[in-house]
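Pasted below: query-v4.pdb, PDB, C-alpha atoms.
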ATOM      1  CA  MET A   1       0.000   0.000   0.000
ATOM      2  CA  LYS A   2       1.429   3.361  -0.976
ATOM      3  CA  THR A   3       0.969   7.022  -0.024
ATOM      4  CA  VAL A   4       2.167   9.966  -2.124
ATOM      5  CA  ALA A   5       3.649  13.251  -0.877
ATOM      6  CA  SER A   6       5.384  16.217  -2.598
ATOM      7  CA  VAL A   7       8.925  16.921  -1.333
ATOM      8  CA  PHE A   8      12.034  18.811  -2.445
ATOM      9  CA  ALA A   9      15.026  16.633  -3.225
ATOM     10  CA  ILE A  10      18.509  18.102  -3.416
ATOM     11  CA  ILE A  11      20.582  16.779  -6.284
ATOM     12  CA  LEU A  12      24.290  17.295  -6.176
ATOM     13  CA  LEU A  13      26.020  17.493  -9.492
ATOM     14  CA  ALA A  14      29.833  17.184  -9.511
ATOM     15  CA  SER A  15      31.886  18.590 -12.368
ATOM     16  CA  CYS A  16      34.733  16.463 -13.594
ATOM     17  CA  GLY A  17      38.143  18.000 -12.848
ATOM     18  CA  SER A  18      36.616  20.882 -10.906
ATOM     19  CA  ASN A  19      36.208  21.613  -7.241
ATOM     20  CA  ASN A  20      33.123  23.683  -7.915
ATOM     21  CA  SER A  21      29.771  22.033  -7.196
ATOM     22  CA  VAL A  22      26.354  23.187  -8.295
ATOM     23  CA  VAL A  23      23.202  22.619  -6.280
ATOM     24  CA  HIS A  24      19.806  22.522  -8.044
ATOM     25  CA  PRO A  25      16.538  22.047  -6.076
ATOM     26  CA  VAL A  26      14.159  19.705  -7.861
ATOM     27  CA  LYS A  27      10.482  19.200  -6.916
ATOM     28  CA  GLN A  28       9.204  15.647  -7.397
ATOM     29  CA  ASP A  29       6.811  13.121  -5.868
ATOM     30  CA  LEU A  30       8.047  10.841  -3.105
ATOM     31  CA  THR A  31       6.205   7.584  -2.665
ATOM     32  CA  GLN A  32       6.169   5.959   0.775
ATOM     33  CA  ALA A  33       4.949   2.372   0.941
ATOM     34  CA  VAL A  34       3.115   0.914   3.933
ATOM     35  CA  TYR A  35       3.661  -2.822   4.085
ATOM     36  CA  ALA A  36       0.703  -4.899   5.185
ATOM     37  CA  SER A  37      -0.616  -8.422   4.795
ATOM     38  CA  GLY A  38      -4.150  -9.689   4.847
ATOM     39  CA  LYS A  39      -6.973 -11.362   2.956
ATOM     40  CA  ILE A  40      -9.481 -10.461   0.268
ATOM     41  CA  PHE A  41     -13.180 -11.241   0.763
ATOM     42  CA  PRO A  42     -16.165 -10.743  -1.515
ATOM     43  CA  LYS A  43     -18.372  -7.921  -0.292
ATOM     44  CA  ASN A  44     -21.368  -9.160   1.731
ATOM     45  CA  ASP A  45     -19.502 -12.407   2.325
ATOM     46  CA  TYR A  46     -22.036 -14.932   3.643
ATOM     47  CA  LYS A  47     -21.233 -18.384   5.012
ATOM     48  CA  VAL A  48     -24.132 -20.832   4.815
ATOM     49  CA  SER A  49     -24.612 -23.379   7.594
ATOM     50  CA  ALA A  50     -27.303 -25.857   8.608
ATOM     51  CA  ARG A  51     -29.479 -25.267  11.643
ATOM     52  CA  LEU A  52     -29.761 -28.984  12.354
ATOM     53  CA  PRO A  53     -27.480 -31.975  11.676
ATOM     54  CA  GLY A  54     -28.038 -34.367   8.804
ATOM     55  CA  TYR A  55     -26.648 -35.895   5.616
ATOM     56  CA  VAL A  56     -26.239 -33.879   2.406
ATOM     57  CA  GLU A  57     -28.743 -35.406   0.008
ATOM     58  CA  GLU A  58     -28.560 -33.031  -2.955
ATOM     59  CA  ILE A  59     -26.589 -29.916  -3.985
ATOM     60  CA  PHE A  60     -28.399 -27.595  -6.392
ATOM     61  CA  VAL A  61     -25.562 -25.155  -7.281
ATOM     62  CA  LEU A  62     -21.967 -25.249  -8.505
ATOM     63  CA  ILE A  63     -18.953 -23.144  -7.589
ATOM     64  CA  GLY A  64     -19.096 -19.968  -9.680
ATOM     65  CA  ASP A  65     -22.893 -19.952 -10.051
ATOM     66  CA  SER A  66     -24.827 -16.743  -9.505
ATOM     67  CA  VAL A  67     -27.683 -17.150  -7.019
ATOM     68  CA  LYS A  68     -30.676 -15.073  -5.985
ATOM     69  CA  THR A  69     -32.181 -14.615  -2.539
ATOM     70  CA  GLY A  70     -34.448 -17.547  -1.724
ATOM     71  CA  GLN A  71     -32.881 -19.884  -4.292
ATOM     72  CA  PRO A  72     -32.376 -23.479  -2.991
ATOM     73  CA  LEU A  73     -28.719 -24.331  -2.394
ATOM     74  CA  LEU A  74     -28.749 -27.846  -0.967
ATOM     75  CA  ARG A  75     -31.005 -30.350   0.759
ATOM     76  CA  ILE A  76     -30.141 -32.224   3.948
ATOM     77  CA  ARG A  77     -31.754 -35.474   5.057
ATOM     78  CA  SER A  78     -32.153 -36.211   8.754
ATOM     79  CA  GLU A  79     -33.729 -39.274  10.304
ATOM     80  CA  ILE A  80     -33.960 -37.434  13.620
ATOM     81  CA  SER A  81     -36.180 -34.767  12.075
ATOM     82  CA  ASN A  82     -38.507 -37.352  10.549
ATOM     83  CA  ILE A  83     -38.772 -39.185  13.878
ATOM     84  CA  ASN A  84     -39.543 -35.932  15.692
ATOM     85  CA  VAL A  85     -42.303 -35.122  13.212
ATOM     86  CA  GLU A  86     -43.888 -38.567  13.586
ATOM     87  CA  ALA A  87     -43.710 -38.309  17.378
ATOM     88  CA  ALA A  88     -45.331 -34.865  17.261
ATOM     89  CA  LYS A  89     -48.102 -36.207  14.998
ATOM     90  CA  ASN A  90     -48.842 -39.037  17.435
ATOM     91  CA  GLN A  91     -48.861 -36.668  20.390
ATOM     92  CA  TYR A  92     -51.203 -34.270  18.630
ATOM     93  CA  SER A  93     -53.537 -37.109  17.603
ATOM     94  CA  LEU A  94     -53.734 -38.339  21.208
ATOM     95  CA  ALA A  95     -54.233 -34.835  22.611
ATOM     96  CA  SER A  96     -56.977 -34.086  20.056
ATOM     97  CA  ARG A  97     -58.788 -37.307  20.906
ATOM     98  CA  ASN A  98     -58.599 -36.569  24.622
ATOM     99  CA  ALA A  99     -59.834 -32.998  24.111
ATOM    100  CA  SER A 100     -62.874 -34.191  22.136
ATOM    101  CA  GLU A 101     -66.252 -34.209  23.926
ATOM    102  CA  SER A 102     -66.692 -37.783  22.727
ATOM    103  CA  GLY A 103     -63.162 -38.779  23.781
ATOM    104  CA  PRO A 104     -62.588 -41.334  26.531
ATOM    105  CA  ILE A 105     -61.561 -38.858  29.234
ATOM    106  CA  LEU A 106     -64.228 -36.183  28.832
ATOM    107  CA  SER A 107     -66.892 -38.774  28.011
ATOM    108  CA  GLY A 108     -66.171 -40.634  31.248
ATOM    109  CA  LEU A 109     -66.144 -37.438  33.316
ATOM    110  CA  LYS A 110     -69.381 -36.314  31.713
ATOM    111  CA  GLN A 111     -71.095 -39.607  32.589
ATOM    112  CA  GLU A 112     -69.982 -39.266  36.197
ATOM    113  CA  MET A 113     -71.228 -35.681  36.286
ATOM    114  CA  LEU A 114     -74.626 -36.632  34.820
ATOM    115  CA  ALA A 115     -75.010 -39.481  37.333
ATOM    116  CA  ALA A 116     -74.184 -37.118  40.169
ATOM    117  CA  GLU A 117     -76.634 -34.584  38.769
ATOM    118  CA  SER A 118     -79.417 -37.209  38.690
ATOM    119  CA  LYS A 119     -78.714 -38.159  42.296
ATOM    120  CA  TYR A 120     -78.622 -34.487  43.268
ATOM    121  CA  ILE A 121     -82.023 -33.879  41.635
ATOM    122  CA  LEU A 122     -83.495 -36.979  43.314
ATOM    123  CA  ASP A 123     -82.160 -36.076  46.758
ATOM    124  CA  SER A 124     -83.381 -32.507  46.280
ATOM    125  CA  THR A 125     -86.882 -33.777  45.511
ATOM    126  CA  ASN A 126     -86.836 -36.092  48.506
ATOM    127  CA  TRP A 127     -85.644 -33.343  50.814
ATOM    128  CA  LYS A 128     -88.475 -31.033  49.685
ATOM    129  CA  ARG A 129     -90.965 -33.869  50.152
ATOM    130  CA  TYR A 130     -89.696 -34.556  53.672
ATOM    131  CA  ASP A 131     -89.872 -30.861  54.414
ATOM    132  CA  ASN A 132     -93.583 -30.817  53.484
ATOM    133  CA  LEU A 133     -94.211 -33.976  55.498
ATOM    134  CA  LEU A 134     -92.446 -32.480  58.507
ATOM    135  CA  GLN A 135     -94.774 -29.488  58.343
ATOM    136  CA  GLN A 136     -97.680 -31.976  58.441
ATOM    137  CA  LYS A 137     -96.092 -33.907  61.334
ATOM    138  CA  SER A 138     -95.982 -37.009  59.101
ATOM    139  CA  VAL A 139     -92.232 -37.695  59.501
ATOM    140  CA  SER A 140     -89.804 -37.325  62.326
ATOM    141  CA  GLN A 141     -87.167 -34.630  62.603
ATOM    142  CA  LEU A 142     -84.489 -37.302  62.227
ATOM    143  CA  GLN A 143     -85.896 -38.484  58.904
ATOM    144  CA  TYR A 144     -86.023 -34.897  57.710
ATOM    145  CA  ASP A 145     -82.430 -34.239  58.808
ATOM    146  CA  GLN A 146     -81.214 -37.391  57.063
ATOM    147  CA  SER A 147     -82.876 -36.326  53.788
ATOM    148  CA  LYS A 148     -81.302 -32.897  54.077
ATOM    149  CA  VAL A 149     -77.823 -34.356  54.638
ATOM    150  CA  LEU A 150     -78.210 -36.584  51.578
ATOM    151  CA  PHE A 151     -79.355 -33.590  49.521
ATOM    152  CA  GLU A 152     -76.424 -31.392  50.573
ATOM    153  CA  SER A 153     -73.925 -34.224  50.039
ATOM    154  CA  SER A 154     -75.169 -35.020  46.539
ATOM    155  CA  ARG A 155     -75.241 -31.333  45.661
ATOM    156  CA  ALA A 156     -71.599 -30.902  46.733
ATOM    157  CA  ALA A 157     -70.575 -34.032  44.815
ATOM    158  CA  PHE A 158     -72.330 -32.809  41.668
ATOM    159  CA  HIS A 159     -70.731 -29.357  41.825
ATOM    160  CA  LYS A 160     -67.307 -30.929  42.404
ATOM    161  CA  LEU A 161     -67.650 -33.200  39.377
ATOM    162  CA  GLN A 162     -68.969 -30.288  37.331
ATOM    163  CA  LEU A 163     -65.899 -28.166  38.135
ATOM    164  CA  ASN A 164     -63.625 -31.149  37.495
ATOM    165  CA  TYR A 165     -65.180 -31.675  34.074
ATOM    166  CA  ILE A 166     -64.777 -28.005  33.103
ATOM    167  CA  SER A 167     -61.149 -27.777  34.310
ATOM    168  CA  SER A 168     -60.239 -31.087  32.614
ATOM    169  CA  ARG A 169     -61.856 -29.955  29.364
ATOM    170  CA  ASP A 170     -59.922 -26.667  29.390
ATOM    171  CA  ARG A 171     -56.655 -28.412  30.263
ATOM    172  CA  LEU A 172     -57.047 -31.015  27.511
ATOM    173  CA  ARG A 173     -57.897 -28.336  24.960
ATOM    174  CA  THR A 174     -54.746 -26.431  25.921
ATOM    175  CA  GLU A 175     -52.671 -29.602  25.635
ATOM    176  CA  SER A 176     -54.151 -30.209  22.189
ATOM    177  CA  GLU A 177     -53.295 -26.678  21.068
ATOM    178  CA  ASN A 178     -49.737 -27.022  22.407
ATOM    179  CA  ALA A 179     -49.354 -30.363  20.633
ATOM    180  CA  LYS A 180     -50.474 -28.705  17.391
ATOM    181  CA  LEU A 181     -47.892 -25.943  17.848
ATOM    182  CA  GLN A 182     -45.200 -28.549  18.487
ATOM    183  CA  LEU A 183     -46.223 -30.418  15.348
ATOM    184  CA  ASP A 184     -46.086 -27.206  13.314
ATOM    185  CA  ALA A 185     -42.635 -26.433  14.729
ATOM    186  CA  GLN A 186     -41.284 -29.892  13.913
ATOM    187  CA  THR A 187     -42.824 -29.770  10.443
ATOM    188  CA  SER A 188     -41.303 -26.360   9.755
ATOM    189  CA  ASN A 189     -37.925 -27.681  10.906
ATOM    190  CA  GLN A 190     -38.045 -30.053   7.970
ATOM    191  CA  GLY A 191     -37.953 -26.964   5.764
ATOM    192  CA  ASP A 192     -34.608 -26.090   7.356
ATOM    193  CA  TYR A 193     -33.165 -29.082   5.534
ATOM    194  CA  THR A 194     -33.678 -27.368   2.203
ATOM    195  CA  ILE A 195     -31.229 -24.515   2.695
ATOM    196  CA  ILE A 196     -31.817 -21.390   0.613
ATOM    197  CA  ALA A 197     -29.669 -18.361  -0.224
ATOM    198  CA  ALA A 198     -30.125 -15.398   2.105
ATOM    199  CA  VAL A 199     -28.456 -12.883  -0.259
ATOM    200  CA  ASP A 200     -27.838 -12.376  -3.965
ATOM    201  CA  GLY A 201     -24.310 -13.198  -5.038
ATOM    202  CA  LYS A 202     -21.852 -15.692  -6.420
ATOM    203  CA  VAL A 203     -20.999 -19.145  -5.047
ATOM    204  CA  TYR A 204     -17.311 -19.081  -4.083
ATOM    205  CA  ASP A 205     -17.009 -22.389  -2.278
ATOM    206  CA  ILE A 206     -18.973 -25.578  -1.562
ATOM    207  CA  VAL A 207     -17.446 -27.540   1.319
ATOM    208  CA  PRO A 208     -19.403 -30.814   1.691
ATOM    209  CA  LYS A 209     -20.110 -33.494  -0.868
ATOM    210  CA  ILE A 210     -23.291 -35.515  -1.309
ATOM    211  CA  GLY A 211     -23.537 -38.040   1.521
ATOM    212  CA  ASP A 212     -21.401 -36.056   3.983
ATOM    213  CA  LEU A 213     -22.631 -35.663   7.556
ATOM    214  CA  VAL A 214     -22.902 -31.974   8.484
ATOM    215  CA  ASN A 215     -23.882 -30.049  11.609
ATOM    216  CA  SER A 216     -24.675 -26.502  12.666
ATOM    217  CA  GLN A 217     -20.999 -25.705  13.359
ATOM    218  CA  MET A 218     -19.861 -26.372   9.788
ATOM    219  CA  VAL A 219     -19.663 -23.906   6.896
ATOM    220  CA  LEU A 220     -21.391 -25.495   3.901
ATOM    221  CA  ILE A 221     -21.359 -22.854   1.167
ATOM    222  CA  GLU A 222     -19.749 -19.421   0.863
ATOM    223  CA  ILE A 223     -21.550 -16.707  -1.097
ATOM    224  CA  GLY A 224     -20.551 -13.112  -1.795
ATOM    225  CA  SER A 225     -20.649 -10.272  -4.289
ATOM    226  CA  ALA A 226     -19.375 -11.110  -7.772
ATOM    227  CA  SER A 227     -18.013  -7.621  -8.506
ATOM    228  CA  GLU A 228     -17.111  -5.916  -5.208
ATOM    229  CA  PHE A 229     -14.489  -7.025  -2.711
ATOM    230  CA  GLU A 230     -13.227  -6.090   0.732
ATOM    231  CA  VAL A 231      -9.604  -6.299   1.838
ATOM    232  CA  GLU A 232      -8.645  -6.813   5.483
ATOM    233  CA  LEU A 233      -5.045  -5.817   6.144
ATOM    234  CA  SER A 234      -2.882  -6.008   9.237
ATOM    235  CA  ILE A 235      -0.659  -2.919   9.424
ATOM    236  CA  ASP A 236       2.379  -2.402  11.636
ATOM    237  CA  GLU A 237       1.806  -0.037  14.533
ATOM    238  CA  THR A 238       4.578   2.244  13.279
ATOM    239  CA  ASP A 239       2.705   2.779  10.006
ATOM    240  CA  ILE A 240      -0.888   2.973  11.217
ATOM    241  CA  SER A 241      -0.662   6.752  11.628
ATOM    242  CA  LEU A 242      -0.197   7.025   7.842
ATOM    243  CA  VAL A 243      -3.594   5.444   7.167
ATOM    244  CA  LYS A 244      -6.821   7.475   7.368
ATOM    245  CA  ILE A 245     -10.472   6.634   6.729
ATOM    246  CA  GLY A 246     -11.481   7.704   3.221
ATOM    247  CA  GLN A 247      -7.900   7.548   1.961
ATOM    248  CA  SER A 248      -7.307   6.114  -1.509
ATOM    249  CA  ILE A 249      -4.813   3.262  -1.577
ATOM    250  CA  ILE A 250      -2.988   1.158  -4.149
ATOM    251  CA  TYR A 251      -2.220  -2.464  -3.334
ATOM    252  CA  GLU A 252      -1.066  -5.659  -5.001
ATOM    253  CA  ILE A 253      -1.916  -9.323  -4.514
ATOM    254  CA  ASP A 254       0.152 -12.409  -5.237
ATOM    255  CA  ALA A 255      -2.342 -13.759  -7.764
ATOM    256  CA  TYR A 256      -1.972 -10.637  -9.969
ATOM    257  CA  LYS A 257       1.567  -9.421  -9.487
ATOM    258  CA  ASP A 258       2.575  -6.118 -11.088
ATOM    259  CA  ILE A 259      -1.117  -5.211 -11.492
ATOM    260  CA  PRO A 260      -1.964  -2.336  -9.134
ATOM    261  CA  LEU A 261      -5.388  -2.458  -7.509
ATOM    262  CA  THR A 262      -7.110   0.526  -5.969
ATOM    263  CA  GLY A 263      -9.456   0.929  -3.041
ATOM    264  CA  THR A 264     -10.615   3.214  -0.260
ATOM    265  CA  VAL A 265     -10.109   2.819   3.479
ATOM    266  CA  GLN A 266     -13.582   2.248   4.958
ATOM    267  CA  GLN A 267     -12.764   1.392   8.559
ATOM    268  CA  ILE A 268      -9.799   1.112  10.903
ATOM    269  CA  TYR A 269     -10.069  -1.482  13.679
ATOM    270  CA  PRO A 270      -8.057  -0.658  16.824
ATOM    271  CA  ARG A 271      -7.323  -4.328  17.416
ATOM    272  CA  ILE A 272      -3.745  -5.173  18.385
ATOM    273  CA  ASN A 273      -2.210  -8.545  17.669
TER     274      ASN A 273
END

Could the structure of this file be written out as structure tokens, please?
Amino acid sequence: MKTVASVFAIILLASCGSNNSVVHPVKQDLTQAVYASGKIFPKNDYKVSARLPGYVEEIFVLIGDSVKTGQPLLRIRSEISNINVEAAKNQYSLASRNASESGPILSGLKQEMLAAESKYILDSTNWKRYDNLLQQKSVSQLQYDQSKVLFESSRAAFHKLQLNYISSRDRLRTESENAKLQLDAQTSNQGDYTIIAAVDGKVYDIVPKIGDLVNSQMVLIEIGSASEFEVELSIDETDISLVKIGQSIIYEIDAYKDIPLTGTVQQIYPRIN
């Protein structure tokens, strides 16, 4: 990388066979190079990875291809994902059946509640009948009290079963809704196995091959701009003062020796190695 400054150089010219010397000031450009090393990246460099582990089943692009946002890049097959989806389907089917009014749980609770309601109505009728008979002195106080106790007991039992039925129904409906959400989540995870491009660009590298086992820590494909590049350079601390944001620079790379490349300093990181 080079910077340019105007300076005055003094050139001494010596005359042959003469002790006289002539000094002429000459104005010329002095180029000072700043030596740095680093790497070149495509602009908007994007490394594609999988969210879940699996085997590469199909690769839809080649190195050098241009891709658009949303374009499929590769498909990953995972037995774990398929098992999770089937398990979620079974759980949702069971939860839906239990939440149904005709399901085994709610149907059984409803039968118990209806039986308790019938007993409550019967005991209520008997208690009212004994109350009328007591007014007519046709039954004893003990018989009346016994009918009242039966009435109050059956009423409490009916109300308890009624509340139990309502709470169980609400709980089972919630479990069914949660099971449906879990099924949707597992089903959508299957879509993660068809990986798509998140940006427009060019495919610079494809790491795995068909059949390879990959995970979320691996880089699968690298995508970036096809026409714009970024250069990251490490500059010696003695030269960093010569570099300013917005400054135009000229640099060379090993792949294209003797071909000057130009750029502009966009950012200076104060990181010290």

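Between Ser176 (chain A) and the residues A:Val214, A:Ile268, A:Leu94, A:Leu242, the shortest atom-to-atom distance, using only C-alpha atoms, involves A:Leu94.
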
Env of Lys89 (chain A): 10 Å cut, atoms = all atoms listed in the file, seq-sep filter 3 positions within chain, self excluded. Answer as a PyMOL selection string. chain A and resi 83-86+92-95+179-180+182-184+186-187

Name every residue that the PyMOL selection byres ((chain A and resi 158) around 9) selects in this structure, writing the answer as JSON, numbers by chain with chains first and numbers rising. {"A": [112, 113, 114, 115, 116, 117, 118, 119, 120, 153, 154, 155, 156, 157, 159, 160, 161, 162, 163]}

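Closest approach to Arg51 (chain A) among A:Ser227, A:Thr31, A:Asn215, A:Ser147 is made by A:Asn215 (distances from all atoms listed in the file).
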
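The coordinates place CA of Ile206 (chain A) at 13.3 Å from CA of Val67 (chain A).
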